[in-house]
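*Asks:* Provided herewith is a single structure, encoded as structure tokens, for subsequent inquiry.
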Amino acid sequence: MRTRPVHMARWSARHPWSAITGWFLFVVLCLGAGIAVGGNPATTEDFWVGEAGRAESMATDGGLQRRPTEHVLISARNGLLDERAAESAARDITGRMAALPEVDSVAAPVRSADGTALRVTVVLKGAELDGKKNVVALLEQTAKVAVAHPGLVVEETGSPAISKGVNDQRDDDLALSERLTLPVTLVILLIVFGSVLMAGVPLLLALSSIAATTGLAMLASHVLPDPGVGTNMILLIGLAVGVDYTLFYLKREREERARAGGRLTPEALVELASATAGRAIVVSGLAVIVSTATLYLATDVIFSSLATGTILVVAVAVLSSLTVLPALLVKIGHRTERRAAKKAARRASRGNPARTQRVKPENGKVFAALLRPARRRPALTLCVSVLVMLAIAAPALGLKLIDPGKDTFSRDIPAMQVYDRLTGRFPEILVKHEVVVRSTPDRAPRVKEALAELGRRAQADPLFARDAEPKVRTSADGRISVLELAVPYPAPSDRAIESLDHLRETYLPATVGALPGVETAVSGDVARGQDYVKHETGKLPLVIGFLLLLTFVMTAVAFRSVGIALIGVLLNLLSAAAALGALVLVFHGTWAENLLDFDSLGAIGSRVPLFLFVILFGLSMDYQVFVVSRIKEAMENGLTARAAVLDGIGRSAKVVTSAAMVMVTVFAAFVFLHLTEMKQMGFCLAVAVLLDAVVIRMMILPSILLLLGDRAWWPLRRSPQRVNAAPAARPLQNVV
């Protein structure tokens, strides 16, 4: 692996147009193949977990699965409801809906308890997740009825309309994040390089990598279905690592250029840079891929999609850095040489002496100041920094998880506003528990009696809706029965969760569960969320255990040091814990709601902690590999352990901080999204990367390495004579 990046860079540098053309053909081929084949969206079955999933599997087996359902709410525009006008509007909407090919059935109008509204329930054809595609025709008919009855408010909501609204809002949010991220990233790169051309290279490669990965992800969805979140992750991670990898390579090429002082050709400079930065990029990319792959252990369709998108975009970003980037640098290098030669010729023709190029210091006063505490008082710096990080992490001890359902979606979505008005007038449709029973056909009468008894007990419980009659449905073959019980409380609320506990632990075992040869399970809005959180919490130790092990092994193999590997794992844990603590501090309470524009859930999305640990461990390896590689390189050049630490971190401080600022910008843009879970992910990753780049890499890591000295590199320290020997030999033939 040490020489392969050099060989790839050498070929690319010597055949630049072939490499550039080949790369863009690769991008077009990937994107075109993905569009031609199309994606494979996840189905309802892909989301089944726990007892709720088992219940839905049983119900589906009997043809009693949940169907996509819409509700049309008819209410007065002002004052009391005109019953005759409302009934006329209800007949109009019923006729229009019944005529649509997307509609399976339309129920009779239902009047609210206070008499202020009518509700018309419409059941769509197809699977539950297909509703968001088919609901457009229904919304159009509802809008026409609203125009035809101006004296009434006629509006529609339901899971399909809400899902469509969430998707539309997510698309708008992604467009906003792009508008925020790209200009800020370009400004950061302009500050780093001082050149529009050089600043444009990282963005060009990152965006082309994202385009190629989008097509590959469509192809991959036919193996692992796409639940609709993969594109978000490809954009989020692709822009971050794509810019970072290119930035590392560009900075190293500039170092070699400054060191050569015009004596080496652009081809030779690229080859020298590839011997160090190229290998670091490969190791870093492999670390991100390996750590992200642990998400597959969660056996969850969403995490599998996130893992697939991340792995693909990181692999493509690494490939671009090793193939097309050297070619671009060679072309830019020759262009720079020609311009410099023309300037020198013009100066000579005027009789002016040639200018000597002033070598800028590697890092400025700010980075020197950040490193000064660790250099002068490493023990004190280590203690203070670790205590600060632990203090930030402390709120994580009060972490509470929740599965964000539709009750948590933004009220900027019109369907959510109608949903609030609908459930305010018809609280009995707010939440439903579904008791599913499987038995033999001859037991169907006894099952029906037991379910009726269960319904009576539930209605006597104040946690259940007393005004809603329990509904029992039975499959045509009599094997499957489903009882629907209404709960007048939002799904994430304590009382709704308590009603599920009463149902599962008390009423069900005492009625249907007591029948011999009968299989029972409970699903519904509350059960889905609770079982999902339980599923994720149960997988968390397994995923984190493998994550720690694989990260340790990868680092130990890359640097031939158990000590460095152990330090890396511990620092990653500290960084993740601090970010999680900051997340809990901000999003558990209400004090930051106006600042970040969100409604507090009093909890964190159940996917966020696991996602944070895995992605952060991978991304932290970018900095770990780059910084430690510079230190190890200095040691191989003969410096003492202390001098190597100061030299390596000093040389890498600016590029690491610049890369971190790009990542922070990308992740922070997601804080402006409407979806609370995406806000939490973006905030948490932005904080984690910032703490990792500044506190961990500039204070804690150098303090530990300075205190340990050679002991940090146990058991093996590579001899100094091998540095750059092999890769430098051939390029030096191209000395100008």
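Quick note on naming: the chains in the structure tokens go A, B, ... in the order shown, residues restart at 1 in each chain, and ligands are numbered from 1 in order of appearance.
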Show me, as an MDAnalysis selection string, the residues that have an atom within 9 Å of range 592-603 of chain A when counting only C-alpha atoms, minus same-chain residues fewer than 5 positions from it.

*Replies:* chainID A and resid 399:402 404 408 410 492 584 586:587 671:672 674:676 679

*Asks:* Let's see if you can do this: from backbone DSSP, list all strand (DSSP E or B) residues in range 472-614 of chain A, as a CSV table (one decimal) with N, CA and C atoms, in the first residue's frame.

*Replies:*
chain,number,residue,atom,x,y,z
A,472,VAL,N,-62.8,-4.8,15.4
A,472,VAL,CA,-62.1,-6.1,15.1
A,472,VAL,C,-62.3,-6.4,13.7
A,473,ARG,N,-61.2,-6.8,13.0
A,473,ARG,CA,-61.2,-7.2,11.6
A,473,ARG,C,-60.6,-8.7,11.6
A,474,THR,N,-61.2,-9.5,10.8
A,474,THR,CA,-60.7,-10.9,10.7
A,474,THR,C,-60.5,-11.2,9.2
A,480,ILE,N,-56.3,-14.8,11.0
A,480,ILE,CA,-55.8,-13.6,11.6
A,480,ILE,C,-56.9,-12.6,12.0
A,481,SER,N,-56.7,-12.1,13.2
A,481,SER,CA,-57.7,-11.1,13.7
A,481,SER,C,-56.9,-9.9,14.2
A,482,VAL,N,-57.5,-8.7,13.9
A,482,VAL,CA,-56.8,-7.4,14.4
A,482,VAL,C,-57.8,-6.6,15.1
A,483,LEU,N,-57.4,-6.2,16.3
A,483,LEU,CA,-58.3,-5.3,17.2
A,483,LEU,C,-57.6,-3.9,17.2
A,484,GLU,N,-58.3,-2.9,16.8
A,484,GLU,CA,-57.8,-1.5,16.9
A,484,GLU,C,-58.4,-0.8,18.1
A,485,LEU,N,-57.4,-0.2,18.9
A,485,LEU,CA,-57.8,0.5,20.1
A,485,LEU,C,-57.3,2.0,20.0
A,486,ALA,N,-58.1,2.9,20.2
A,486,ALA,CA,-57.7,4.4,20.1
A,486,ALA,C,-57.2,4.9,21.4
A,487,VAL,N,-56.2,5.8,21.3
A,487,VAL,CA,-55.6,6.5,22.4
A,487,VAL,C,-55.6,7.9,22.1
A,519,GLU,N,-51.1,-17.1,18.9
A,519,GLU,CA,-49.9,-16.2,18.8
A,519,GLU,C,-50.4,-14.7,18.8
A,520,THR,N,-49.9,-13.9,19.7
A,520,THR,CA,-50.3,-12.5,19.8
A,520,THR,C,-49.1,-11.5,19.7
A,521,ALA,N,-49.4,-10.3,19.2
A,521,ALA,CA,-48.4,-9.3,19.2
A,521,ALA,C,-49.1,-7.9,19.0
A,522,VAL,N,-48.5,-6.9,19.5
A,522,VAL,CA,-49.1,-5.5,19.4
A,522,VAL,C,-48.2,-4.6,18.6
A,523,SER,N,-48.9,-3.9,17.6
A,523,SER,CA,-48.2,-2.9,16.8
A,523,SER,C,-49.0,-1.6,17.0
A,524,GLY,N,-48.7,-0.7,16.1
A,524,GLY,CA,-49.3,0.7,16.1
A,524,GLY,C,-48.3,1.8,16.2
A,561,SER,N,2.1,0.6,16.0
A,561,SER,CA,2.2,1.0,17.4
A,561,SER,C,0.9,0.8,18.1
A,604,ILE,N,-33.4,12.9,22.6
A,604,ILE,CA,-32.6,12.8,21.4
A,604,ILE,C,-33.1,11.7,20.5
A,605,GLY,N,-33.1,12.0,19.2
A,605,GLY,CA,-33.5,10.9,18.2
A,605,GLY,C,-32.7,9.7,18.4

*Asks:* Quick one: everything within 7 Å of Leu64 in chain A, counting only C-alpha atoms, minus sequence neighbours fewer than 4 positions away in the same chain. Send it as a ChimeraX atom specification.

*Replies:* /A:59-60,475

*Asks:* Could you take the residues named above and write them with all heavy atoms, as a PDB file, in the first residue's frame?

*Replies:*
ATOM      1  N   ALA A  59     -50.276  -9.508  10.411  1.00  0.00           N
ATOM      2  CA  ALA A  59     -51.417  -8.826   9.808  1.00  0.00           C
ATOM      3  C   ALA A  59     -51.330  -8.861   8.281  1.00  0.00           C
ATOM      4  O   ALA A  59     -52.335  -9.073   7.582  1.00  0.00           O
ATOM      5  CB  ALA A  59     -51.485  -7.383  10.299  1.00  0.00           C
ATOM      6  N   THR A  60     -50.126  -8.665   7.751  1.00  0.00           N
ATOM      7  CA  THR A  60     -49.933  -8.709   6.301  1.00  0.00           C
ATOM      8  C   THR A  60     -50.240 -10.098   5.755  1.00  0.00           C
ATOM      9  O   THR A  60     -50.812 -10.247   4.660  1.00  0.00           O
ATOM     10  CB  THR A  60     -48.485  -8.311   5.949  1.00  0.00           C
ATOM     11  OG1 THR A  60     -48.233  -6.998   6.455  1.00  0.00           O
ATOM     12  CG2 THR A  60     -48.260  -8.331   4.448  1.00  0.00           C
ATOM     13  N   SER A 475     -59.413 -11.953   8.966  1.00  0.00           N
ATOM     14  CA  SER A 475     -59.064 -12.339   7.593  1.00  0.00           C
ATOM     15  C   SER A 475     -60.105 -13.300   7.031  1.00  0.00           C
ATOM     16  O   SER A 475     -60.865 -13.938   7.772  1.00  0.00           O
ATOM     17  CB  SER A 475     -57.678 -12.987   7.564  1.00  0.00           C
ATOM     18  OG  SER A 475     -57.663 -14.165   8.342  1.00  0.00           O
TER      19      SER A 475
END

*Asks:* Name the residues of range 186-344 of chain A that come out as alpha helix (DSSP H) in a backbone DSSP run; write them as a PyMOL selection string.

*Replies:* chain A and resi 186-193+196-220+230-260+266-273+279-293+301-322+324-344

*Asks:* Residues of the last selection are to be written out with C-alpha atoms, as a tab-separated table (two decimals), in the first residue's frame.

*Replies:*
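Final file, selection_11.tsv:
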chain	number	residue	atom	x	y	z
A	186	LEU	CA	-15.04	28.31	-1.20
A	187	VAL	CA	-14.14	31.27	1.03
A	188	ILE	CA	-12.25	28.97	3.45
A	189	LEU	CA	-10.31	27.42	0.57
A	190	LEU	CA	-9.52	30.86	-0.85
A	191	ILE	CA	-8.07	31.86	2.52
A	192	VAL	CA	-5.99	28.68	2.63
A	193	PHE	CA	-4.65	28.81	-0.95
A	196	VAL	CA	-9.42	30.84	-7.11
A	197	LEU	CA	-8.06	28.07	-9.32
A	198	MET	CA	-6.57	26.06	-6.44
A	199	ALA	CA	-9.65	26.64	-4.29
A	200	GLY	CA	-11.87	25.35	-7.07
A	201	VAL	CA	-10.06	22.01	-7.39
A	202	PRO	CA	-11.27	20.53	-4.05
A	203	LEU	CA	-14.84	21.63	-4.72
A	204	LEU	CA	-14.76	20.25	-8.26
A	205	LEU	CA	-13.54	16.84	-7.11
A	206	ALA	CA	-15.92	16.71	-4.14
A	207	LEU	CA	-18.96	17.53	-6.30
A	208	SER	CA	-17.94	15.09	-9.02
A	209	SER	CA	-17.44	12.39	-6.37
A	210	ILE	CA	-20.92	13.11	-5.02
A	211	ALA	CA	-22.39	12.83	-8.53
A	212	ALA	CA	-20.69	9.48	-9.17
A	213	THR	CA	-21.73	8.15	-5.78
A	214	THR	CA	-25.34	9.14	-6.35
A	215	GLY	CA	-25.45	6.85	-9.36
A	216	LEU	CA	-23.64	4.03	-7.55
A	217	ALA	CA	-26.05	4.34	-4.62
A	218	MET	CA	-29.00	3.82	-6.97
A	219	LEU	CA	-27.39	0.59	-8.16
A	220	ALA	CA	-26.59	-0.48	-4.59
A	230	GLY	CA	-28.98	7.99	1.57
A	231	THR	CA	-28.80	11.12	-0.57
A	232	ASN	CA	-28.56	13.31	2.52
A	233	MET	CA	-25.59	11.32	3.78
A	234	ILE	CA	-23.82	11.28	0.43
A	235	LEU	CA	-24.02	15.07	0.25
A	236	LEU	CA	-23.06	15.55	3.90
A	237	ILE	CA	-20.05	13.22	4.00
A	238	GLY	CA	-19.05	13.58	0.36
A	239	LEU	CA	-18.47	17.31	0.52
A	240	ALA	CA	-16.63	17.00	3.85
A	241	VAL	CA	-14.19	14.20	3.04
A	242	GLY	CA	-13.89	15.09	-0.64
A	243	VAL	CA	-12.59	18.55	0.20
A	244	ASP	CA	-10.47	17.23	3.09
A	245	TYR	CA	-8.63	14.58	1.07
A	246	THR	CA	-7.92	17.00	-1.74
A	247	LEU	CA	-6.81	19.63	0.76
A	248	PHE	CA	-4.31	17.24	2.37
A	249	TYR	CA	-2.83	16.36	-1.02
A	250	LEU	CA	-2.66	19.95	-2.25
A	251	LYS	CA	-0.94	21.19	0.89
A	252	ARG	CA	1.68	18.46	0.67
A	253	GLU	CA	2.35	19.23	-2.99
A	254	ARG	CA	2.84	22.88	-2.06
A	255	GLU	CA	5.30	21.89	0.66
A	256	GLU	CA	7.33	19.84	-1.82
A	257	ARG	CA	7.22	22.74	-4.30
A	258	ALA	CA	8.54	25.19	-1.70
A	259	ARG	CA	11.22	22.72	-0.60
A	260	ALA	CA	12.38	22.08	-4.19
A	266	PRO	CA	5.40	19.27	-11.57
A	267	GLU	CA	5.41	15.50	-12.26
A	268	ALA	CA	8.17	14.95	-9.74
A	269	LEU	CA	6.45	17.14	-7.13
A	270	VAL	CA	3.18	15.23	-7.48
A	271	GLU	CA	4.99	11.93	-7.12
A	272	LEU	CA	6.73	13.09	-3.96
A	273	ALA	CA	3.45	14.33	-2.47
A	279	ARG	CA	-0.79	6.88	1.66
A	280	ALA	CA	-2.38	8.95	4.44
A	281	ILE	CA	-5.52	9.41	2.32
A	282	VAL	CA	-5.75	5.68	1.63
A	283	VAL	CA	-5.35	4.80	5.32
A	284	SER	CA	-7.83	7.48	6.34
A	285	GLY	CA	-10.38	6.36	3.75
A	286	LEU	CA	-10.06	2.72	4.78
A	287	ALA	CA	-10.55	3.70	8.41
A	288	VAL	CA	-13.75	5.59	7.59
A	289	ILE	CA	-15.03	2.70	5.48
A	290	VAL	CA	-14.24	0.03	8.07
A	291	SER	CA	-15.72	1.99	10.97
A	292	THR	CA	-18.84	2.92	8.99
A	293	ALA	CA	-19.36	-0.72	8.01
A	301	VAL	CA	-32.64	-0.41	6.89
A	302	ILE	CA	-31.92	3.25	7.67
A	303	PHE	CA	-28.47	2.60	9.12
A	304	SER	CA	-27.65	0.22	6.28
A	305	SER	CA	-28.52	2.96	3.80
A	306	LEU	CA	-26.43	5.52	5.70
A	307	ALA	CA	-23.51	3.10	5.79
A	308	THR	CA	-23.76	2.32	2.09
A	309	GLY	CA	-23.87	5.97	1.09
A	310	THR	CA	-20.93	6.87	3.33
A	311	ILE	CA	-18.77	3.94	2.23
A	312	LEU	CA	-19.39	4.61	-1.45
A	313	VAL	CA	-18.73	8.35	-1.31
A	314	VAL	CA	-15.55	7.92	0.76
A	315	ALA	CA	-14.24	5.24	-1.64
A	316	VAL	CA	-14.96	7.46	-4.65
A	317	ALA	CA	-13.34	10.48	-2.94
A	318	VAL	CA	-10.18	8.45	-2.24
A	319	LEU	CA	-10.15	7.26	-5.85
A	320	SER	CA	-10.40	10.82	-7.15
A	321	SER	CA	-7.52	11.94	-4.93
A	322	LEU	CA	-5.27	9.16	-6.22
A	324	VAL	CA	-7.46	12.63	-11.33
A	325	LEU	CA	-6.02	14.99	-8.68
A	326	PRO	CA	-2.35	14.34	-9.62
A	327	ALA	CA	-3.23	15.01	-13.26
A	328	LEU	CA	-4.92	18.30	-12.39
A	329	LEU	CA	-1.96	19.35	-10.25
A	330	VAL	CA	0.46	18.65	-13.09
A	331	LYS	CA	-1.58	20.73	-15.53
A	332	ILE	CA	-1.87	23.56	-13.00
A	333	GLY	CA	1.86	23.26	-12.23
A	334	HIS	CA	2.86	23.65	-15.88
A	335	ARG	CA	0.51	26.60	-16.21
A	336	THR	CA	2.08	28.23	-13.17
A	337	GLU	CA	5.59	27.65	-14.56
A	338	ARG	CA	4.69	29.23	-17.90
A	339	ARG	CA	3.23	32.29	-16.22
A	340	ALA	CA	6.28	32.60	-13.96
A	341	ALA	CA	8.61	32.30	-16.95
A	342	LYS	CA	6.72	35.03	-18.83
A	343	LYS	CA	6.89	37.34	-15.82
A	344	ALA	CA	10.60	36.69	-15.43

*Asks:* When you count only C-alpha atoms, which of these residues is closest to Pro715 in chain A: A:Ala556, A:Ala641, A:Ile631, A:Ala510?

*Replies:*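 Checking each candidate against Pro715 in chain A, we get A:Ala556 as the closest.
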
*Asks:* Which neighbours of range 79-86 of chain A fall inside 9 Å, counting only C-alpha atoms, when residues of the same chain fewer than 4 positions from it are skipped, and could you give them as a list in words?

*Replies:*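 Skipping anything fewer than 4 positions along the chain leaves Ile74, Ser75, Ala90, Arg91, Gly115, Thr116, Ala117, Leu118, His149, Gly151 and Leu152 of chain A.
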
*Asks:* Rank nothing, just name the residue among A:Arg425, A:His433, A:Lys133, A:Arg77 nearest to Asp501 in chain A, using only C-alpha atoms.

*Replies:*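 Among A:Arg425, A:His433, A:Lys133, A:Arg77, it is A:His433 that comes nearest to Asp501 in chain A.
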
*Asks:* List the spatial neighbours of Ile413 in chain A as a PyMOL selection string - criterion: any atom at most 10 Å away, only C-alpha atoms, same-chain residues fewer than 3 positions off excluded.

*Replies:* chain A and resi 161-166+168-169+409-410+416-419+674

*Asks:* At a cut-off of 12 Å, using only C-alpha atoms, what residues contact Arg443 in chain A? Leave out same-chain residues fewer than 2 positions from it and give the result as a JSON list (two decimals) with N, CA and C atoms, in the first residue's frame.

*Replies:*
[["chain", "number", "residue", "atom", "x", "y", "z"],
["A", 437, "VAL", "N", -53.70, -11.16, 16.24],
["A", 437, "VAL", "CA", -53.80, -12.53, 16.78],
["A", 437, "VAL", "C", -53.79, -13.51, 15.61],
["A", 438, "ARG", "N", -52.97, -14.57, 15.75],
["A", 438, "ARG", "CA", -52.94, -15.63, 14.76],
["A", 438, "ARG", "C", -53.34, -16.94, 15.44],
["A", 439, "SER", "N", -54.28, -17.64, 14.81],
["A", 439, "SER", "CA", -54.74, -18.92, 15.37],
["A", 439, "SER", "C", -55.23, -19.78, 14.22],
["A", 440, "THR", "N", -55.81, -20.90, 14.54],
["A", 440, "THR", "CA", -56.44, -21.74, 13.52],
["A", 440, "THR", "C", -57.87, -21.26, 13.30],
["A", 441, "PRO", "N", -58.46, -21.50, 12.13],
["A", 441, "PRO", "CA", -59.81, -21.00, 11.84],
["A", 441, "PRO", "C", -60.86, -21.46, 12.85],
["A", 445, "PRO", "N", -64.00, -17.92, 16.65],
["A", 445, "PRO", "CA", -65.04, -17.37, 17.54],
["A", 445, "PRO", "C", -64.51, -17.05, 18.94],
["A", 446, "ARG", "N", -63.68, -17.94, 19.50],
["A", 446, "ARG", "CA", -63.13, -17.67, 20.84],
["A", 446, "ARG", "C", -62.18, -16.48, 20.82],
["A", 447, "VAL", "N", -61.41, -16.37, 19.74],
["A", 447, "VAL", "CA", -60.51, -15.21, 19.61],
["A", 447, "VAL", "C", -61.32, -13.92, 19.56],
["A", 448, "LYS", "N", -62.41, -13.93, 18.80],
["A", 448, "LYS", "CA", -63.24, -12.73, 18.69],
["A", 448, "LYS", "C", -63.83, -12.35, 20.04],
["A", 449, "GLU", "N", -64.28, -13.33, 20.82],
["A", 449, "GLU", "CA", -64.82, -13.05, 22.16],
["A", 449, "GLU", "C", -63.75, -12.46, 23.08],
["A", 450, "ALA", "N", -62.55, -13.06, 23.01],
["A", 450, "ALA", "CA", -61.46, -12.58, 23.87],
["A", 450, "ALA", "C", -61.05, -11.16, 23.49],
["A", 474, "THR", "N", -61.20, -9.49, 10.77],
["A", 474, "THR", "CA", -60.75, -10.88, 10.67],
["A", 474, "THR", "C", -60.49, -11.22, 9.21],
["A", 477, "ASP", "N", -59.81, -16.18, 5.79],
["A", 477, "ASP", "CA", -59.66, -17.57, 6.19],
["A", 477, "ASP", "C", -59.81, -17.78, 7.69],
["A", 478, "GLY", "N", -60.05, -16.70, 8.44],
["A", 478, "GLY", "CA", -60.30, -16.81, 9.87],
["A", 478, "GLY", "C", -59.06, -17.02, 10.71],
["A", 479, "ARG", "N", -57.86, -16.96, 10.12],
["A", 479, "ARG", "CA", -56.64, -17.23, 10.89],
["A", 479, "ARG", "C", -56.12, -15.99, 11.62],
["A", 480, "ILE", "N", -56.32, -14.81, 11.02],
["A", 480, "ILE", "CA", -55.75, -13.58, 11.56],
["A", 480, "ILE", "C", -56.88, -12.64, 11.97],
["A", 481, "SER", "N", -56.75, -12.08, 13.17],
["A", 481, "SER", "CA", -57.70, -11.07, 13.66],
["A", 481, "SER", "C", -56.91, -9.87, 14.16],
["A", 512, "VAL", "N", -56.82, -12.56, 25.33],
["A", 512, "VAL", "CA", -56.45, -13.37, 24.17],
["A", 512, "VAL", "C", -55.20, -14.20, 24.46],
["A", 515, "LEU", "N", -55.51, -17.81, 25.73],
["A", 515, "LEU", "CA", -56.03, -18.89, 24.90],
["A", 515, "LEU", "C", -54.89, -19.81, 24.45],
["A", 516, "PRO", "N", -55.10, -21.12, 24.46],
["A", 516, "PRO", "CA", -54.06, -22.04, 24.01],
["A", 516, "PRO", "C", -53.90, -22.02, 22.49],
["A", 517, "GLY", "N", -52.64, -22.17, 22.02],
["A", 517, "GLY", "CA", -52.37, -22.25, 20.59],
["A", 517, "GLY", "C", -52.59, -20.97, 19.84],
["A", 518, "VAL", "N", -52.49, -19.84, 20.52],
["A", 518, "VAL", "CA", -52.74, -18.53, 19.90],
["A", 518, "VAL", "C", -51.46, -17.69, 19.99],
["A", 519, "GLU", "N", -51.10, -17.05, 18.89],
["A", 519, "GLU", "CA", -49.93, -16.16, 18.85],
["A", 519, "GLU", "C", -50.42, -14.71, 18.80]]

*Asks:* Do a neighbour search on Gly709 in chain A at 12 Å with only C-alpha atoms, toss out local chain neighbours closer than 6 positions, and write the hits as a PyMOL selection string.

*Replies:* chain A and resi 378+563-564+631+635+639-646+701-703+717
